[in-house]
file my_file-v1.pdb (PDB, C-alpha atoms, pLDDT in the B column)
ATOM      1  CA  MET A   1       0.000   0.000   0.000  1.00 43.00           C
ATOM      2  CA  ALA A   2       1.166   3.460  -0.681  1.00 47.00           C
ATOM      3  CA  ASN A   3       0.698   6.909   0.704  1.00 47.00           C
ATOM      4  CA  GLY A   4      -2.479   8.489  -0.684  1.00 49.00           C
ATOM      5  CA  ASP A   5      -0.591  11.330  -2.349  1.00 48.00           C
ATOM      6  CA  ASP A   6       2.022   9.120  -4.022  1.00 49.00           C
ATOM      7  CA  HIS A   7      -0.016   6.316  -5.591  1.00 49.00           C
ATOM      8  CA  PRO A   8      -3.716   7.096  -5.621  1.00 57.00           C
ATOM      9  CA  VAL A   9      -6.037   4.140  -6.101  1.00 62.00           C
ATOM     10  CA  THR A  10      -8.521   4.805  -8.867  1.00 60.00           C
ATOM     11  CA  ALA A  11     -11.813   3.157  -9.717  1.00 58.00           C
ATOM     12  CA  GLY A  12     -12.648   1.976 -13.198  1.00 66.00           C
ATOM     13  CA  ALA A  13     -14.962  -0.324 -15.076  1.00 65.00           C
ATOM     14  CA  ASP A  14     -13.119  -3.363 -13.697  1.00 77.00           C
ATOM     15  CA  ARG A  15     -12.274  -2.020 -10.223  1.00 80.00           C
ATOM     16  CA  ILE A  16     -14.320  -1.122  -7.163  1.00 88.00           C
ATOM     17  CA  VAL A  17     -12.634   1.161  -4.628  1.00 89.00           C
ATOM     18  CA  ILE A  18     -13.849   1.101  -1.027  1.00 90.00           C
ATOM     19  CA  SER A  19     -12.909   3.794   1.481  1.00 89.00           C
ATOM     20  CA  VAL A  20     -12.396   2.404   4.997  1.00 90.00           C
ATOM     21  CA  ASP A  21     -11.790   3.932   8.425  1.00 87.00           C
ATOM     22  CA  ALA A  22      -8.966   1.553   9.275  1.00 89.00           C
ATOM     23  CA  MET A  23      -8.556   2.766  12.852  1.00 85.00           C
ATOM     24  CA  GLY A  24     -11.966   1.609  14.056  1.00 77.00           C
ATOM     25  CA  GLY A  25     -13.498  -1.746  14.670  1.00 73.00           C
ATOM     26  CA  ASP A  26     -13.872  -3.848  17.794  1.00 80.00           C
ATOM     27  CA  ARG A  27     -10.407  -5.388  17.399  1.00 85.00           C
ATOM     28  CA  GLY A  28      -8.595  -2.317  16.091  1.00 89.00           C
ATOM     29  CA  PRO A  29      -6.560  -1.604  12.965  1.00 92.00           C
ATOM     30  CA  ALA A  30      -4.790  -4.982  12.879  1.00 92.00           C
ATOM     31  CA  ALA A  31      -8.085  -6.811  12.365  1.00 92.00           C
ATOM     32  CA  VAL A  32      -9.278  -4.266   9.794  1.00 92.00           C
ATOM     33  CA  VAL A  33      -6.063  -4.511   7.743  1.00 91.00           C
ATOM     34  CA  ALA A  34      -6.035  -8.323   7.920  1.00 91.00           C
ATOM     35  CA  GLY A  35      -9.618  -8.413   6.637  1.00 91.00           C
ATOM     36  CA  LEU A  36      -8.820  -6.038   3.790  1.00 90.00           C
ATOM     37  CA  ALA A  37      -5.780  -8.113   2.809  1.00 88.00           C
ATOM     38  CA  GLU A  38      -7.966 -11.213   2.682  1.00 90.00           C
ATOM     39  CA  SER A  39     -10.536  -9.384   0.538  1.00 89.00           C
ATOM     40  CA  ILE A  40      -7.834  -8.270  -1.894  1.00 87.00           C
ATOM     41  CA  ALA A  41      -6.533 -11.834  -2.190  1.00 87.00           C
ATOM     42  CA  ARG A  42     -10.017 -13.172  -2.954  1.00 90.00           C
ATOM     43  CA  SER A  43     -11.331 -10.400  -5.214  1.00 88.00           C
ATOM     44  CA  PRO A  44      -9.111  -9.154  -8.057  1.00 82.00           C
ATOM     45  CA  GLY A  45     -11.428  -6.228  -8.869  1.00 87.00           C
ATOM     46  CA  ILE A  46     -11.375  -4.602  -5.432  1.00 89.00           C
ATOM     47  CA  ALA A  47      -9.132  -1.900  -3.966  1.00 88.00           C
ATOM     48  CA  PHE A  48      -9.130   0.094  -0.742  1.00 90.00           C
ATOM     49  CA  ILE A  49      -8.347   3.544   0.571  1.00 90.00           C
ATOM     50  CA  LEU A  50      -7.462   3.185   4.242  1.00 91.00           C
ATOM     51  CA  HIS A  51      -8.032   6.267   6.399  1.00 88.00           C
ATOM     52  CA  GLY A  52      -6.095   6.556   9.636  1.00 88.00           C
ATOM     53  CA  ASP A  53      -2.728   6.982  11.256  1.00 88.00           C
ATOM     54  CA  GLU A  54      -0.107   6.156   8.635  1.00 88.00           C
ATOM     55  CA  ALA A  55       2.501   5.333  11.302  1.00 89.00           C
ATOM     56  CA  VAL A  56       0.207   2.633  12.691  1.00 90.00           C
ATOM     57  CA  LEU A  57      -1.156   1.321   9.397  1.00 90.00           C
ATOM     58  CA  LYS A  58       2.063   1.021   7.330  1.00 89.00           C
ATOM     59  CA  PRO A  59       3.643  -1.731   9.471  1.00 91.00           C
ATOM     60  CA  LEU A  60       0.358  -3.648   9.608  1.00 90.00           C
ATOM     61  CA  VAL A  61      -0.017  -3.473   5.839  1.00 88.00           C
ATOM     62  CA  ALA A  62       3.611  -4.540   5.325  1.00 86.00           C
ATOM     63  CA  ARG A  63       3.032  -7.649   7.477  1.00 86.00           C
ATOM     64  CA  CYS A  64      -0.027  -8.515   5.382  1.00 80.00           C
ATOM     65  CA  GLY A  65       1.856  -8.097   2.085  1.00 71.00           C
ATOM     66  CA  GLY A  66      -0.195  -5.112   0.895  1.00 61.00           C
ATOM     67  CA  ASP A  67      -0.352  -4.331  -2.812  1.00 60.00           C
ATOM     68  CA  GLN A  68       0.395  -0.642  -3.447  1.00 60.00           C
ATOM     69  CA  HIS A  69      -1.587  -0.699  -6.687  1.00 66.00           C
ATOM     70  CA  ARG A  70      -4.729  -1.977  -4.976  1.00 77.00           C
ATOM     71  CA  SER A  71      -4.642  -0.045  -1.719  1.00 81.00           C
ATOM     72  CA  THR A  72      -3.473   3.250  -0.357  1.00 86.00           C
ATOM     73  CA  ILE A  73      -3.236   4.871   3.062  1.00 88.00           C
ATOM     74  CA  GLN A  74      -4.734   8.318   3.466  1.00 82.00           C
ATOM     75  CA  ASN A  75      -3.206   9.842   6.575  1.00 80.00           C
ATOM     76  CA  ARG A  76      -5.920  11.195   8.840  1.00 71.00           C
ATOM     77  CA  ARG A  77      -4.060  14.438   9.515  1.00 69.00           C
ATOM     78  CA  ARG A  78      -3.617  15.136   5.767  1.00 68.00           C
ATOM     79  CA  LEU A  79      -7.318  14.528   5.223  1.00 65.00           C
ATOM     80  CA  LEU A  80      -8.220  16.922   8.020  1.00 67.00           C
ATOM     81  CA  GLU A  81      -5.839  19.516   6.565  1.00 70.00           C
ATOM     82  CA  LYS A  82      -7.474  19.157   3.143  1.00 71.00           C
ATOM     83  CA  LEU A  83     -10.870  19.678   4.736  1.00 70.00           C
ATOM     84  CA  GLY A  84      -9.616  22.696   6.705  1.00 72.00           C
ATOM     85  CA  LEU A  85     -10.338  20.980  10.019  1.00 66.00           C
ATOM     86  CA  VAL A  86      -6.839  20.410  11.345  1.00 60.00           C
ATOM     87  CA  THR A  87      -6.843  23.478  13.578  1.00 58.00           C
ATOM     88  CA  GLN A  88     -10.182  22.470  15.074  1.00 52.00           C
ATOM     89  CA  VAL A  89      -9.029  19.006  16.142  1.00 47.00           C
ATOM     90  CA  SER A  90      -5.313  19.486  16.712  1.00 49.00           C
ATOM     91  CA  ASN A  91      -5.931  20.698  20.251  1.00 50.00           C
ATOM     92  CA  ARG A  92      -7.777  17.456  21.012  1.00 52.00           C
ATOM     93  CA  GLY A  93      -4.902  15.209  19.892  1.00 51.00           C
ATOM     94  CA  ALA A  94      -6.161  14.099  16.457  1.00 47.00           C
TER
END

call {"tool": "encode", "arguments": {"input": "my_file-v1.pdb", "output": "structure tokens"}}
result
Amino acid sequence: MANGDDHPVTAGADRIVISVDAMGGDRGPAAVVAGLAESIARSPGIAFILHGDEAVLKPLVARCGGDQHRSTIQNRRRLLEKLGLVTQVSNRGA
């Protein structure tokens, strides 16, 4: 998987792209990433954009053998900056 700005995942006639909050879930990011890796292995026409903390997600993706052409990590802070919300949440530790 790649950084969202370096290798964007794009949808097309033969590809479905799903955007996922990878930091949530009852069992945390490790379970989310493992499930996405399994989905990628089973479904050649699927790709993911993972939203969350890049420092947490990159090692998890590397352990699962992530495919940079089928998935990308969109760092939460960069997303908030793009939306103009970073100053509103930065004081709360986001």

call {"tool": "closest_residue", "arguments": {"input": "my_file-v1.pdb", "among": "A:Leu50, A:Cys64, A:Ala22, A:Val56", "to": "Ala34 in chain A", "atoms": "all atoms listed in the file"}}
result
A:Cys64

call {"tool": "residues_around", "arguments": {"input": "my_file-v1.pdb", "residues": "Val20 in chain A", "least_positions_apart": "5", "cutoff": "10 Å", "atoms": "all atoms listed in the file", "output": "mmCIF file with C-alpha atoms, in the frame of the given file"}}
result
data_model
loop_
_atom_site.group_PDB
_atom_site.id
_atom_site.type_symbol
_atom_site.label_atom_id
_atom_site.label_comp_id
_atom_site.auth_asym_id
_atom_site.auth_seq_id
_atom_site.Cartn_x
_atom_site.Cartn_y
_atom_site.Cartn_z
ATOM 1 C CA VAL A 32 -9.278 -4.266 9.794
ATOM 2 C CA VAL A 33 -6.063 -4.511 7.743
ATOM 3 C CA LEU A 36 -8.820 -6.038 3.790
ATOM 4 C CA PHE A 48 -9.130 0.094 -0.742
ATOM 5 C CA ILE A 49 -8.347 3.544 0.571
ATOM 6 C CA LEU A 50 -7.462 3.185 4.242
ATOM 7 C CA HIS A 51 -8.032 6.267 6.399
ATOM 8 C CA GLY A 52 -6.095 6.556 9.636
ATOM 9 C CA ILE A 73 -3.236 4.871 3.062
ATOM 10 C CA GLN A 74 -4.734 8.318 3.466
#

call {"tool": "resolve_selection", "arguments": {"input": "my_file-v1.pdb", "expression": "the PyMOL selection byres ((chain A and resi 46) around 8)", "output": "PyMOL selection string"}}
result
chain A and resi 15-18+39-40+43-45+47-48+70

call {"tool": "write_last_selection", "arguments": {"input": "my_file-v1.pdb", "atoms": "C-alpha atoms", "output": "CSV table (one decimal), in the frame of the given file"}}
result
chain,number,residue,atom,x,y,z
A,15,ARG,CA,-12.3,-2.0,-10.2
A,16,ILE,CA,-14.3,-1.1,-7.2
A,17,VAL,CA,-12.6,1.2,-4.6
A,18,ILE,CA,-13.8,1.1,-1.0
A,39,SER,CA,-10.5,-9.4,0.5
A,40,ILE,CA,-7.8,-8.3,-1.9
A,43,SER,CA,-11.3,-10.4,-5.2
A,44,PRO,CA,-9.1,-9.2,-8.1
A,45,GLY,CA,-11.4,-6.2,-8.9
A,47,ALA,CA,-9.1,-1.9,-4.0
A,48,PHE,CA,-9.1,0.1,-0.7
A,70,ARG,CA,-4.7,-2.0,-5.0

call {"tool": "closest_residue", "arguments": {"input": "my_file-v1.pdb", "among": "A:Ala41, A:Ala30, A:Ala55, A:Leu60", "to": "Arg76 in chain A", "atoms": "only C-alpha atoms"}}
result
A:Ala55

call {"tool": "closest_residue", "arguments": {"input": "my_file-v1.pdb", "among": "A:Asp21, A:Glu38, A:Asp14, A:Asp26", "to": "Glu54 in chain A", "atoms": "all atoms listed in the file"}}
result
A:Asp21

call {"tool": "atom_distance", "arguments": {"input": "my_file-v1.pdb", "atom1": "CA of Ala37 in chain A", "atom2": "CA of Lys82 in chain A"}}
result
27.3 Å

call {"tool": "decode", "arguments": {"input": "my_file-v1.pdb", "residues": "range 7-48 of chain A", "atoms": "N, CA and C atoms", "output": "PDB file, in the first residue's frame"}}
result
ATOM      1  N   HIS A   7       0.558   7.307  -4.689  1.00  0.00           N
ATOM      2  CA  HIS A   7      -0.016   6.316  -5.591  1.00  0.00           C
ATOM      3  C   HIS A   7      -1.515   6.216  -5.363  1.00  0.00           C
ATOM      4  N   PRO A   8      -2.282   7.162  -5.878  1.00  0.00           N
ATOM      5  CA  PRO A   8      -3.716   7.096  -5.621  1.00  0.00           C
ATOM      6  C   PRO A   8      -4.351   5.877  -6.279  1.00  0.00           C
ATOM      7  N   VAL A   9      -5.270   5.256  -5.572  1.00  0.00           N
ATOM      8  CA  VAL A   9      -6.037   4.140  -6.101  1.00  0.00           C
ATOM      9  C   VAL A   9      -7.210   4.730  -6.860  1.00  0.00           C
ATOM     10  N   THR A  10      -7.426   4.270  -8.072  1.00  0.00           N
ATOM     11  CA  THR A  10      -8.521   4.805  -8.867  1.00  0.00           C
ATOM     12  C   THR A  10      -9.503   3.705  -9.234  1.00  0.00           C
ATOM     13  N   ALA A  11     -10.766   4.096  -9.317  1.00  0.00           N
ATOM     14  CA  ALA A  11     -11.813   3.157  -9.717  1.00  0.00           C
ATOM     15  C   ALA A  11     -11.903   3.145 -11.235  1.00  0.00           C
ATOM     16  N   GLY A  12     -12.450   2.092 -11.764  1.00  0.00           N
ATOM     17  CA  GLY A  12     -12.648   1.976 -13.198  1.00  0.00           C
ATOM     18  C   GLY A  12     -13.725   0.943 -13.461  1.00  0.00           C
ATOM     19  N   ALA A  13     -13.925   0.637 -14.708  1.00  0.00           N
ATOM     20  CA  ALA A  13     -14.962  -0.324 -15.076  1.00  0.00           C
ATOM     21  C   ALA A  13     -14.717  -1.694 -14.453  1.00  0.00           C
ATOM     22  N   ASP A  14     -13.448  -2.040 -14.237  1.00  0.00           N
ATOM     23  CA  ASP A  14     -13.119  -3.363 -13.697  1.00  0.00           C
ATOM     24  C   ASP A  14     -12.623  -3.305 -12.248  1.00  0.00           C
ATOM     25  N   ARG A  15     -12.772  -2.161 -11.587  1.00  0.00           N
ATOM     26  CA  ARG A  15     -12.274  -2.020 -10.223  1.00  0.00           C
ATOM     27  C   ARG A  15     -13.268  -1.258  -9.357  1.00  0.00           C
ATOM     28  N   ILE A  16     -13.508  -1.784  -8.178  1.00  0.00           N
ATOM     29  CA  ILE A  16     -14.320  -1.122  -7.163  1.00  0.00           C
ATOM     30  C   ILE A  16     -13.369  -0.661  -6.071  1.00  0.00           C
ATOM     31  N   VAL A  17     -13.474   0.614  -5.691  1.00  0.00           N
ATOM     32  CA  VAL A  17     -12.634   1.161  -4.628  1.00  0.00           C
ATOM     33  C   VAL A  17     -13.519   1.447  -3.417  1.00  0.00           C
ATOM     34  N   ILE A  18     -13.104   0.923  -2.271  1.00  0.00           N
ATOM     35  CA  ILE A  18     -13.849   1.101  -1.027  1.00  0.00           C
ATOM     36  C   ILE A  18     -12.992   1.903  -0.057  1.00  0.00           C
ATOM     37  N   SER A  19     -13.581   2.938   0.516  1.00  0.00           N
ATOM     38  CA  SER A  19     -12.909   3.794   1.481  1.00  0.00           C
ATOM     39  C   SER A  19     -13.246   3.295   2.888  1.00  0.00           C
ATOM     40  N   VAL A  20     -12.207   3.043   3.699  1.00  0.00           N
ATOM     41  CA  VAL A  20     -12.396   2.404   4.997  1.00  0.00           C
ATOM     42  C   VAL A  20     -11.700   3.197   6.102  1.00  0.00           C
ATOM     43  N   ASP A  21     -12.416   3.405   7.218  1.00  0.00           N
ATOM     44  CA  ASP A  21     -11.790   3.932   8.425  1.00  0.00           C
ATOM     45  C   ASP A  21     -11.045   2.766   9.057  1.00  0.00           C
ATOM     46  N   ALA A  22      -9.756   2.712   8.846  1.00  0.00           N
ATOM     47  CA  ALA A  22      -8.966   1.553   9.275  1.00  0.00           C
ATOM     48  C   ALA A  22      -8.601   1.595  10.752  1.00  0.00           C
ATOM     49  N   MET A  23      -8.919   2.660  11.446  1.00  0.00           N
ATOM     50  CA  MET A  23      -8.556   2.766  12.852  1.00  0.00           C
ATOM     51  C   MET A  23      -9.665   2.273  13.774  1.00  0.00           C
ATOM     52  N   GLY A  24     -10.832   2.018  13.235  1.00  0.00           N
ATOM     53  CA  GLY A  24     -11.966   1.609  14.056  1.00  0.00           C
ATOM     54  C   GLY A  24     -12.085   0.103  14.158  1.00  0.00           C
ATOM     55  N   GLY A  25     -13.247  -0.317  14.545  1.00  0.00           N
ATOM     56  CA  GLY A  25     -13.498  -1.746  14.670  1.00  0.00           C
ATOM     57  C   GLY A  25     -13.295  -2.224  16.092  1.00  0.00           C
ATOM     58  N   ASP A  26     -13.958  -3.306  16.444  1.00  0.00           N
ATOM     59  CA  ASP A  26     -13.872  -3.848  17.794  1.00  0.00           C
ATOM     60  C   ASP A  26     -12.477  -4.353  18.139  1.00  0.00           C
ATOM     61  N   ARG A  27     -11.739  -4.822  17.142  1.00  0.00           N
ATOM     62  CA  ARG A  27     -10.407  -5.388  17.399  1.00  0.00           C
ATOM     63  C   ARG A  27      -9.280  -4.513  16.873  1.00  0.00           C
ATOM     64  N   GLY A  28      -9.598  -3.292  16.478  1.00  0.00           N
ATOM     65  CA  GLY A  28      -8.595  -2.317  16.091  1.00  0.00           C
ATOM     66  C   GLY A  28      -8.077  -2.462  14.674  1.00  0.00           C
ATOM     67  N   PRO A  29      -7.081  -1.653  14.329  1.00  0.00           N
ATOM     68  CA  PRO A  29      -6.560  -1.604  12.965  1.00  0.00           C
ATOM     69  C   PRO A  29      -5.966  -2.914  12.462  1.00  0.00           C
ATOM     70  N   ALA A  30      -5.387  -3.717  13.334  1.00  0.00           N
ATOM     71  CA  ALA A  30      -4.790  -4.982  12.879  1.00  0.00           C
ATOM     72  C   ALA A  30      -5.847  -5.893  12.265  1.00  0.00           C
ATOM     73  N   ALA A  31      -7.007  -5.969  12.891  1.00  0.00           N
ATOM     74  CA  ALA A  31      -8.085  -6.811  12.365  1.00  0.00           C
ATOM     75  C   ALA A  31      -8.647  -6.236  11.073  1.00  0.00           C
ATOM     76  N   VAL A  32      -8.761  -4.916  11.004  1.00  0.00           N
ATOM     77  CA  VAL A  32      -9.278  -4.266   9.794  1.00  0.00           C
ATOM     78  C   VAL A  32      -8.344  -4.534   8.621  1.00  0.00           C
ATOM     79  N   VAL A  33      -7.045  -4.311   8.815  1.00  0.00           N
ATOM     80  CA  VAL A  33      -6.063  -4.511   7.743  1.00  0.00           C
ATOM     81  C   VAL A  33      -6.007  -5.979   7.319  1.00  0.00           C
ATOM     82  N   ALA A  34      -6.054  -6.893   8.262  1.00  0.00           N
ATOM     83  CA  ALA A  34      -6.035  -8.323   7.920  1.00  0.00           C
ATOM     84  C   ALA A  34      -7.254  -8.688   7.070  1.00  0.00           C
ATOM     85  N   GLY A  35      -8.413  -8.152   7.423  1.00  0.00           N
ATOM     86  CA  GLY A  35      -9.618  -8.413   6.637  1.00  0.00           C
ATOM     87  C   GLY A  35      -9.541  -7.837   5.238  1.00  0.00           C
ATOM     88  N   LEU A  36      -8.979  -6.652   5.110  1.00  0.00           N
ATOM     89  CA  LEU A  36      -8.820  -6.038   3.790  1.00  0.00           C
ATOM     90  C   LEU A  36      -7.841  -6.833   2.937  1.00  0.00           C
ATOM     91  N   ALA A  37      -6.760  -7.312   3.552  1.00  0.00           N
ATOM     92  CA  ALA A  37      -5.780  -8.113   2.809  1.00  0.00           C
ATOM     93  C   ALA A  37      -6.428  -9.399   2.299  1.00  0.00           C
ATOM     94  N   GLU A  38      -7.270 -10.005   3.111  1.00  0.00           N
ATOM     95  CA  GLU A  38      -7.966 -11.213   2.682  1.00  0.00           C
ATOM     96  C   GLU A  38      -8.926 -10.905   1.533  1.00  0.00           C
ATOM     97  N   SER A  39      -9.619  -9.783   1.617  1.00  0.00           N
ATOM     98  CA  SER A  39     -10.536  -9.384   0.538  1.00  0.00           C
ATOM     99  C   SER A  39      -9.797  -9.150  -0.769  1.00  0.00           C
ATOM    100  N   ILE A  40      -8.641  -8.521  -0.693  1.00  0.00           N
ATOM    101  CA  ILE A  40      -7.834  -8.270  -1.894  1.00  0.00           C
ATOM    102  C   ILE A  40      -7.395  -9.594  -2.519  1.00  0.00           C
ATOM    103  N   ALA A  41      -6.985 -10.540  -1.681  1.00  0.00           N
ATOM    104  CA  ALA A  41      -6.533 -11.834  -2.190  1.00  0.00           C
ATOM    105  C   ALA A  41      -7.666 -12.593  -2.886  1.00  0.00           C
ATOM    106  N   ARG A  42      -8.877 -12.433  -2.408  1.00  0.00           N
ATOM    107  CA  ARG A  42     -10.017 -13.172  -2.954  1.00  0.00           C
ATOM    108  C   ARG A  42     -10.698 -12.482  -4.128  1.00  0.00           C
ATOM    109  N   SER A  43     -10.574 -11.164  -4.214  1.00  0.00           N
ATOM    110  CA  SER A  43     -11.331 -10.400  -5.214  1.00  0.00           C
ATOM    111  C   SER A  43     -10.406  -9.512  -6.040  1.00  0.00           C
ATOM    112  N   PRO A  44     -10.062  -9.918  -7.250  1.00  0.00           N
ATOM    113  CA  PRO A  44      -9.111  -9.154  -8.057  1.00  0.00           C
ATOM    114  C   PRO A  44      -9.607  -7.762  -8.466  1.00  0.00           C
ATOM    115  N   GLY A  45     -10.906  -7.519  -8.426  1.00  0.00           N
ATOM    116  CA  GLY A  45     -11.428  -6.228  -8.869  1.00  0.00           C
ATOM    117  C   GLY A  45     -11.708  -5.252  -7.750  1.00  0.00           C
ATOM    118  N   ILE A  46     -11.099  -5.458  -6.573  1.00  0.00           N
ATOM    119  CA  ILE A  46     -11.375  -4.602  -5.432  1.00  0.00           C
ATOM    120  C   ILE A  46     -10.101  -3.906  -4.979  1.00  0.00           C
ATOM    121  N   ALA A  47     -10.249  -2.660  -4.514  1.00  0.00           N
ATOM    122  CA  ALA A  47      -9.132  -1.900  -3.966  1.00  0.00           C
ATOM    123  C   ALA A  47      -9.650  -1.084  -2.787  1.00  0.00           C
ATOM    124  N   PHE A  48      -8.738  -0.622  -1.952  1.00  0.00           N
ATOM    125  CA  PHE A  48      -9.130   0.094  -0.742  1.00  0.00           C
ATOM    126  C   PHE A  48      -8.335   1.375  -0.557  1.00  0.00           C
TER     127      PHE A  48
END
